[in-house]
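Asks: I have a structure here, written as structure tokens, and I will follow up with some questions on it.
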Amino acid sequence: MLLFENDNVTVTLASGVATVTIDRPPVNALNRELLGALDAAVAAAVRSPDSHSILLTGTGRRFVAGADITMLAQLDGRSAAEFGKIIQGTFNRIEAASKPTVAVINGDALGGGLELALACDIRFAVADARLGLPEIRLGLVPGAGGTQRLTEALGKPRALEMLLTGTPLRASQALDLGLVNGVFDRADLGREAFEWARSLTAGPPLAYAAAKACVRTNLTAGRDRGFLEEVKSLENLVDTADGREGVAAFLQKRAPHFRGC
Ligand SMILES: CCCCCCCCCCCCC[C@H](O)CC(=O)SCCNC(=O)CCNC(=O)[C@H](O)C(C)(C)COP(=O)(O)OP(=O)(O)OC[C@H]1O[C@@H](n2cnc3c(N)ncnc32)[C@H](O)[C@@H]1OP(=O)(O)O
């Protein structure tokens, strides 16, 4: 089932999994039009009552090779800052999506491409993918959240090593460092990622959103606020049908049936 379609982005829905596919040959480079379409596509996936998890991937043998450098060359300082705010906004909305998001890294994820993957909750990569932030080699710095999210993911020394050298990680190195959750051969990546996402579809949507909010609160407002978010989430969840259903199903020794309310 097709949830969204435009020149460069489509969203299909199958078995409760929405798949957002970026298609802008030759390397899925990001420009304003693609970011607008990506924003609308992810919003459609989040809005659909039939999607319970969201995959983001690219066509061809590259995930996303970053912002469109040809477009960047036309920018001055003010328009560069404007573009930075646009791309940060899109990626922040992806990070804040109420449903689990999975980056299916089907090839090189460089610059804005890795920044997009970093905005997702889970990352699976194909074995020959490279993941890096080469902006320093352009005399720039990542402007779509990469300096923040890479540091959160790897810690300051490893993040600065990647930021200052611009040298990408191979997928196996990214796995060893915990930057990705899994690495697969190209023939297996799509199926493995889809099955992982589908495994979540019978789960409790409200609790998924709450778990993501708790983690995000720690990252944005600190640990103490994160503890408070946990307590607030439990207070809200326990008064929902799903919050009662999970415990009742356990005590009745049956599978729970969560309905997202
Ligand atoms: C002077 C004013 C500057 C103003 C700057 C303003 C900045 C504001 C930014 C705010 C938001 C920041 C977002 C983000 O942090 C910034 C970025 O993402 S910068 C880009 C980072 N990415 C890269 O540096 C990757 C560059 N590409 C490569 O390393 C290689 O191309 C590759 C992807 C590893 C593939 O290599 P190859 O297989 O050898 O193939 P080619 O190199 O020949 O490429 C094939 C084809 O694709 C074109 N291309 C590749 N990458 C890009 C790209 N990012 N944008 C546009 N086009 C790209 C390449 O030119 C080839 O085209 P062809 O020659 O065939 O027409």
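We name chains A, B, ... following the order of the structure tokens; residues begin at 1 in each chain, and ligands are numbered from 1 as shown.
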Let me see if you get this right: every residue at most 6 Å from ligand 1, counting only C-alpha atoms and all ligand atoms, written as a PyMOL selection string.

Replies: chain A and resi 26-27+29+65-70+72-73+75+80+83-84+110-112+134-135+142-144

Asks: Keeping only all heavy atoms, write those residues as a short mmCIF file (atom, residue, chain, number, x, y, z; two decimals), in the first residue's frame.

Replies:
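Writing done, so here's part-v1.cif:
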data_model
loop_
_atom_site.label_atom_id
_atom_site.label_comp_id
_atom_site.auth_asym_id
_atom_site.auth_seq_id
_atom_site.Cartn_x
_atom_site.Cartn_y
_atom_site.Cartn_z
N PRO A 26 22.39 10.65 -8.45
CA PRO A 26 23.04 9.33 -8.35
C PRO A 26 23.36 8.89 -6.92
O PRO A 26 23.65 7.73 -6.70
CB PRO A 26 24.34 9.55 -9.13
CG PRO A 26 24.66 11.00 -8.89
CD PRO A 26 23.34 11.72 -8.84
N VAL A 27 23.28 9.82 -5.94
CA VAL A 27 23.74 9.43 -4.59
C VAL A 27 22.77 9.85 -3.49
O VAL A 27 23.11 9.91 -2.32
CB VAL A 27 25.15 10.00 -4.30
CG1 VAL A 27 26.20 9.40 -5.23
CG2 VAL A 27 25.16 11.53 -4.43
N ALA A 29 21.59 12.73 -2.78
CA ALA A 29 22.03 13.95 -2.08
C ALA A 29 20.81 14.78 -1.69
O ALA A 29 19.81 14.82 -2.41
CB ALA A 29 22.96 14.75 -2.97
N ALA A 65 24.46 10.49 0.35
CA ALA A 65 25.85 10.96 0.33
C ALA A 65 25.99 12.37 0.87
O ALA A 65 27.00 13.04 0.62
CB ALA A 65 26.42 10.89 -1.08
N GLY A 66 24.96 12.84 1.59
CA GLY A 66 25.07 14.15 2.22
C GLY A 66 24.21 15.20 1.55
O GLY A 66 23.40 14.90 0.67
N ALA A 67 24.40 16.41 1.99
CA ALA A 67 23.72 17.53 1.33
C ALA A 67 24.26 17.64 -0.08
O ALA A 67 25.40 17.24 -0.38
CB ALA A 67 23.97 18.83 2.11
N ASP A 68 23.45 18.21 -0.96
CA ASP A 68 23.84 18.37 -2.37
C ASP A 68 24.90 19.47 -2.46
O ASP A 68 24.58 20.66 -2.28
CB ASP A 68 22.60 18.74 -3.19
CG ASP A 68 22.91 18.81 -4.67
OD1 ASP A 68 24.03 19.23 -5.02
OD2 ASP A 68 22.03 18.42 -5.47
N ILE A 69 26.12 19.08 -2.73
CA ILE A 69 27.25 20.03 -2.72
C ILE A 69 27.09 21.06 -3.82
O ILE A 69 27.47 22.23 -3.67
CB ILE A 69 28.59 19.28 -2.81
CG1 ILE A 69 28.78 18.38 -1.58
CG2 ILE A 69 29.76 20.25 -2.93
CD1 ILE A 69 30.00 17.49 -1.64
N THR A 70 26.50 20.68 -4.93
CA THR A 70 26.25 21.63 -6.01
C THR A 70 25.31 22.74 -5.54
O THR A 70 25.50 23.92 -5.84
CB THR A 70 25.60 20.90 -7.22
OG1 THR A 70 26.43 19.79 -7.58
CG2 THR A 70 25.45 21.84 -8.41
N LEU A 72 24.97 23.51 -2.25
CA LEU A 72 25.70 24.24 -1.21
C LEU A 72 26.57 25.34 -1.80
O LEU A 72 26.70 26.43 -1.23
CB LEU A 72 26.57 23.29 -0.39
CG LEU A 72 25.89 22.21 0.43
CD1 LEU A 72 26.94 21.43 1.24
CD2 LEU A 72 24.83 22.79 1.36
N ALA A 73 27.14 25.07 -2.97
CA ALA A 73 28.06 26.05 -3.58
C ALA A 73 27.37 27.36 -3.92
O ALA A 73 28.04 28.39 -4.08
CB ALA A 73 28.68 25.45 -4.84
N LEU A 75 25.25 28.86 -1.92
CA LEU A 75 24.79 29.51 -0.69
C LEU A 75 25.78 30.56 -0.20
O LEU A 75 27.00 30.43 -0.38
CB LEU A 75 24.58 28.46 0.41
CG LEU A 75 23.59 27.32 0.09
CD1 LEU A 75 23.52 26.37 1.28
CD2 LEU A 75 22.22 27.86 -0.27
N ALA A 80 23.04 29.69 4.02
CA ALA A 80 23.58 28.45 4.60
C ALA A 80 22.95 28.19 5.96
O ALA A 80 22.55 27.06 6.28
CB ALA A 80 25.10 28.56 4.73
N PHE A 83 19.43 27.00 5.47
CA PHE A 83 19.36 25.59 5.08
C PHE A 83 19.67 24.70 6.28
O PHE A 83 19.04 23.67 6.48
CB PHE A 83 20.33 25.31 3.93
CG PHE A 83 20.28 23.88 3.46
CD1 PHE A 83 19.16 23.41 2.79
CD2 PHE A 83 21.33 23.01 3.68
CE1 PHE A 83 19.09 22.09 2.35
CE2 PHE A 83 21.28 21.69 3.25
CZ PHE A 83 20.15 21.23 2.59
N GLY A 84 20.63 25.15 7.09
CA GLY A 84 20.95 24.38 8.29
C GLY A 84 19.75 24.24 9.21
O GLY A 84 19.48 23.15 9.74
N LEU A 110 27.03 9.52 4.35
CA LEU A 110 28.08 10.51 4.55
C LEU A 110 27.48 11.89 4.80
O LEU A 110 26.45 12.24 4.20
CB LEU A 110 29.00 10.57 3.33
CG LEU A 110 29.71 9.26 2.99
CD1 LEU A 110 30.41 9.36 1.64
CD2 LEU A 110 30.70 8.85 4.08
N GLY A 111 28.09 12.66 5.68
CA GLY A 111 27.59 13.99 5.96
C GLY A 111 26.14 13.96 6.41
O GLY A 111 25.79 13.23 7.36
N GLY A 112 25.31 14.72 5.71
CA GLY A 112 23.88 14.72 6.04
C GLY A 112 23.26 13.34 6.00
O GLY A 112 22.25 13.09 6.66
N PRO A 134 32.35 13.88 6.53
CA PRO A 134 33.53 14.44 5.83
C PRO A 134 33.47 15.96 5.66
O PRO A 134 34.29 16.51 4.91
CB PRO A 134 33.47 13.75 4.47
CG PRO A 134 32.03 13.51 4.22
CD PRO A 134 31.41 13.27 5.57
N GLU A 135 32.53 16.63 6.31
CA GLU A 135 32.36 18.08 6.11
C GLU A 135 33.66 18.85 6.31
O GLU A 135 33.90 19.87 5.66
CB GLU A 135 31.27 18.62 7.01
CG GLU A 135 29.85 18.24 6.60
CD GLU A 135 29.41 16.89 7.13
OE1 GLU A 135 30.26 16.07 7.50
OE2 GLU A 135 28.20 16.65 7.17
N PRO A 142 29.62 19.60 10.16
CA PRO A 142 28.26 19.08 9.99
C PRO A 142 27.25 20.10 10.52
O PRO A 142 27.49 20.72 11.56
CB PRO A 142 28.26 17.80 10.82
CG PRO A 142 29.69 17.39 10.90
CD PRO A 142 30.47 18.69 10.92
N GLY A 143 26.16 20.28 9.78
CA GLY A 143 25.19 21.29 10.22
C GLY A 143 23.80 20.73 10.44
O GLY A 143 22.84 21.47 10.62
N ALA A 144 23.69 19.39 10.42
CA ALA A 144 22.35 18.78 10.59
C ALA A 144 22.31 17.93 11.84
O ALA A 144 21.65 16.89 11.89
CB ALA A 144 22.01 17.95 9.36
#

Asks: Using only C-alpha atoms, I'd like a table of the residues in region 55-135 of chain A that come within 10 Å of region 200-210 of chain A; for each, show the closest atom pair and its distance in Å rounded to one decimal, ordered by chain and ascending number, as a Markdown table.

Replies:
| residue | atom | partner | partner_atom | distance |
| --- | --- | --- | --- | --- |
| A:Ala96 | CA | A:Ala209 | CA | 8.9 |
| A:Ala97 | CA | A:Ala209 | CA | 7.9 |
| A:Ser98 | CA | A:Ala209 | CA | 4.7 |
| A:Lys99 | CA | A:Ala209 | CA | 6.1 |
| A:Pro100 | CA | A:Tyr208 | CA | 7.0 |

Asks: Can you spit out the residues from that selection as a short mmCIF file (atom, residue, chain, number, x, y, z; two decimals), in the first residue's frame, using C-alpha atoms?

Replies:
data_model
loop_
_atom_site.label_atom_id
_atom_site.label_comp_id
_atom_site.auth_asym_id
_atom_site.auth_seq_id
_atom_site.Cartn_x
_atom_site.Cartn_y
_atom_site.Cartn_z
CA ALA A 96 10.90 12.95 17.82
CA ALA A 97 8.61 10.64 15.80
CA SER A 98 6.28 8.78 18.15
CA LYS A 99 6.95 5.47 16.35
CA PRO A 100 10.24 3.53 16.25
#

Asks: Set out as CSV a contact list for region 156-230 of chain A and region 118-127 of chain A with a cut-off of 10 Å, giving each residue of region 156-230 of chain A that qualifies its closest atom pair and distance in Å to one decimal, counting only C-alpha atoms, ordered by chain and rising residue number.

Replies:
residue,atom,partner,partner_atom,distance
A:Arg170,CA,A:Ala127,CA,7.9
A:Ala171,CA,A:Ala127,CA,5.6
A:Ser172,CA,A:Ala127,CA,6.9
A:Ala174,CA,A:Ala125,CA,9.0
A:Leu175,CA,A:Ala125,CA,8.7
A:Gly178,CA,A:Arg123,CA,9.6
A:Leu179,CA,A:Arg123,CA,7.6
A:Val180,CA,A:Arg123,CA,4.8
A:Asn181,CA,A:Arg123,CA,5.4
A:Gly182,CA,A:Phe124,CA,4.8
A:Val183,CA,A:Ala125,CA,4.8
A:Phe184,CA,A:Val126,CA,5.1
A:Asp185,CA,A:Ala127,CA,5.5
A:Arg186,CA,A:Val126,CA,5.5
A:Ala187,CA,A:Val126,CA,8.9
A:Asp188,CA,A:Val126,CA,8.5
A:Leu189,CA,A:Val126,CA,6.1
A:Gly190,CA,A:Val126,CA,9.1
A:Glu192,CA,A:Phe124,CA,8.7
A:Ala193,CA,A:Phe124,CA,6.7
A:Trp196,CA,A:Phe124,CA,10.0
A:Ala197,CA,A:Ile122,CA,9.6
A:Lys212,CA,A:Asp121,CA,8.4

Asks: How would you write, as a PyMOL selection string, the set of residues in region 53-217 of chain A that DSSP gives as strand (DSSP E)?

Replies: chain A and resi 53-58+62-64+101-105+108-110+122-126+130-132+169-170+182-184

Asks: Ranking A:Ala129, A:Glu115, A:Pro168, A:Asn6 by minimum distance to Arg149 (chain A) and counting only C-alpha atoms, which one comes first?

Replies: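 Closest residue, counting only C-alpha atoms: A:Glu115.
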
Asks: List every residue of region 6-251 of chain A that DSSP, applied to the backbone of this structure, assigns to alpha helix (DSSP H), and report them as a PyMOL selection string.

Replies: chain A and resi 32-47+69-72+77-95+112-119+146-154+156-165+171-177+186-199+205-221+223-238+241-251

Asks: Using only C-alpha atoms, which residue out of A:Pro256, A:Gly222, A:Gly132, A:Gly107 lies closest to Thr57 (chain A)?

Replies: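 Checking each of A:Pro256, A:Gly222, A:Gly132, A:Gly107 against Thr57 (chain A), counting only C-alpha atoms, the winner is A:Gly107.
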
Asks: Quick one: pull the distance between CA of Leu234 (chain A) and CA of Ala211 (chain A), Å, one decimal.

Replies: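 It comes out at 10.0 Å.
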
Asks: From the set A:Val238, A:Ile87, A:Cys261, A:Ala213, which residue has the shortest atom-to-atom contact distance to Gly226 (chain A), counting only C-alpha atoms?

Replies: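 Looking at the shortest contact to Gly226 (chain A), the residue is A:Ala213.
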
Asks: Excluding Ser51 (chain A) and residues on its chain fewer than 2 positions from it, collect all residues at most 12 Å away from it, counting only C-alpha atoms, and give them as a ChimeraX atom specification.

Replies: /A:1-3,11-20,42-49,53-55,98-101,197-198,200-203,205,260

Asks: So how far away is CA of Asp242 (chain A) from CA of Glu229 (chain A), in Å?

Replies: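 Straight-line distance from CA of Glu229 (chain A) to CA of Asp242 (chain A) works out to 18.7 Å.
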
Asks: So, counting only C-alpha atoms, which residue among A:Asp176, A:Asp128, A:Glu245, A:Glu235 is closest to Arg62 (chain A)?

Replies: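 That would be A:Asp128, the residue with the smallest distance to Arg62 (chain A).
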
Asks: Taking only C-alpha atoms into account, which of A:Leu38, A:Met71, A:Leu30, A:Thr220 comes nearest Arg93 (chain A)?

Replies: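 Comparing A:Leu38, A:Met71, A:Leu30, A:Thr220 against Arg93 (chain A), the winner is A:Leu38.
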
Asks: List the neighbours of Val247 (chain A) out to 12 Å using only C-alpha atoms; skip same-chain residues closer than 5 positions along the sequence, and give me the result as JSON, numbers by chain.

Replies: {"A": [237, 238, 240, 241, 242, 252, 253, 254, 255, 256, 257, 258]}

Asks: Please produce an output containing N, CA, C and O atoms for each residue in the selection, written as a PDB file, in the first residue's frame.

Replies:
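This went into selection_37.pdb:
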ATOM      1  N   LEU A 237       0.708   5.829  31.372  1.00  0.00           N
ATOM      2  CA  LEU A 237       0.483   4.519  30.745  1.00  0.00           C
ATOM      3  C   LEU A 237      -0.427   3.627  31.579  1.00  0.00           C
ATOM      4  O   LEU A 237      -1.292   2.926  31.049  1.00  0.00           O
ATOM      5  N   VAL A 238      -0.255   3.668  32.898  1.00  0.00           N
ATOM      6  CA  VAL A 238      -1.032   2.766  33.765  1.00  0.00           C
ATOM      7  C   VAL A 238      -2.527   3.048  33.655  1.00  0.00           C
ATOM      8  O   VAL A 238      -3.361   2.162  33.792  1.00  0.00           O
ATOM      9  N   THR A 240      -4.064   3.675  30.942  1.00  0.00           N
ATOM     10  CA  THR A 240      -4.554   3.379  29.585  1.00  0.00           C
ATOM     11  C   THR A 240      -4.964   1.912  29.514  1.00  0.00           C
ATOM     12  O   THR A 240      -4.544   1.090  30.350  1.00  0.00           O
ATOM     13  N   ALA A 241      -5.751   1.602  28.517  1.00  0.00           N
ATOM     14  CA  ALA A 241      -6.174   0.205  28.330  1.00  0.00           C
ATOM     15  C   ALA A 241      -4.964  -0.686  28.100  1.00  0.00           C
ATOM     16  O   ALA A 241      -4.858  -1.782  28.679  1.00  0.00           O
ATOM     17  N   ASP A 242      -4.014  -0.184  27.298  1.00  0.00           N
ATOM     18  CA  ASP A 242      -2.805  -0.986  27.047  1.00  0.00           C
ATOM     19  C   ASP A 242      -2.015  -1.226  28.332  1.00  0.00           C
ATOM     20  O   ASP A 242      -1.465  -2.297  28.554  1.00  0.00           O
ATOM     21  N   GLN A 252      -2.797 -13.710  33.200  1.00  0.00           N
ATOM     22  CA  GLN A 252      -3.707 -14.721  32.627  1.00  0.00           C
ATOM     23  C   GLN A 252      -2.982 -15.681  31.687  1.00  0.00           C
ATOM     24  O   GLN A 252      -3.604 -16.488  30.997  1.00  0.00           O
ATOM     25  N   LYS A 253      -1.667 -15.520  31.635  1.00  0.00           N
ATOM     26  CA  LYS A 253      -0.805 -16.410  30.830  1.00  0.00           C
ATOM     27  C   LYS A 253      -1.284 -16.488  29.367  1.00  0.00           C
ATOM     28  O   LYS A 253      -1.464 -17.577  28.793  1.00  0.00           O
ATOM     29  N   ARG A 254      -1.503 -15.284  28.789  1.00  0.00           N
ATOM     30  CA  ARG A 254      -1.890 -15.218  27.380  1.00  0.00           C
ATOM     31  C   ARG A 254      -1.116 -14.072  26.730  1.00  0.00           C
ATOM     32  O   ARG A 254      -0.528 -13.236  27.425  1.00  0.00           O
ATOM     33  N   ALA A 255      -1.117 -14.031  25.398  1.00  0.00           N
ATOM     34  CA  ALA A 255      -0.428 -12.949  24.691  1.00  0.00           C
ATOM     35  C   ALA A 255      -1.251 -11.668  24.816  1.00  0.00           C
ATOM     36  O   ALA A 255      -2.486 -11.712  24.715  1.00  0.00           O
ATOM     37  N   PRO A 256      -0.589 -10.541  25.023  1.00  0.00           N
ATOM     38  CA  PRO A 256      -1.340  -9.277  25.120  1.00  0.00           C
ATOM     39  C   PRO A 256      -1.820  -8.834  23.753  1.00  0.00           C
ATOM     40  O   PRO A 256      -1.236  -9.179  22.734  1.00  0.00           O
ATOM     41  N   HIS A 257      -2.889  -8.070  23.759  1.00  0.00           N
ATOM     42  CA  HIS A 257      -3.388  -7.469  22.513  1.00  0.00           C
ATOM     43  C   HIS A 257      -3.432  -5.963  22.726  1.00  0.00           C
ATOM     44  O   HIS A 257      -4.370  -5.419  23.310  1.00  0.00           O
ATOM     45  N   PHE A 258      -2.353  -5.301  22.261  1.00  0.00           N
ATOM     46  CA  PHE A 258      -2.262  -3.855  22.475  1.00  0.00           C
ATOM     47  C   PHE A 258      -2.990  -3.109  21.360  1.00  0.00           C
ATOM     48  O   PHE A 258      -2.876  -3.477  20.191  1.00  0.00           O
TER      49      PHE A 258
END

Asks: Would you mind reading off the distance between CA of Val215 (chain A) and CA of Ile22 (chain A), one decimal, in Å?

Replies: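 One can read the CA of Val215 (chain A) to CA of Ile22 (chain A) distance as 27.2 Å.
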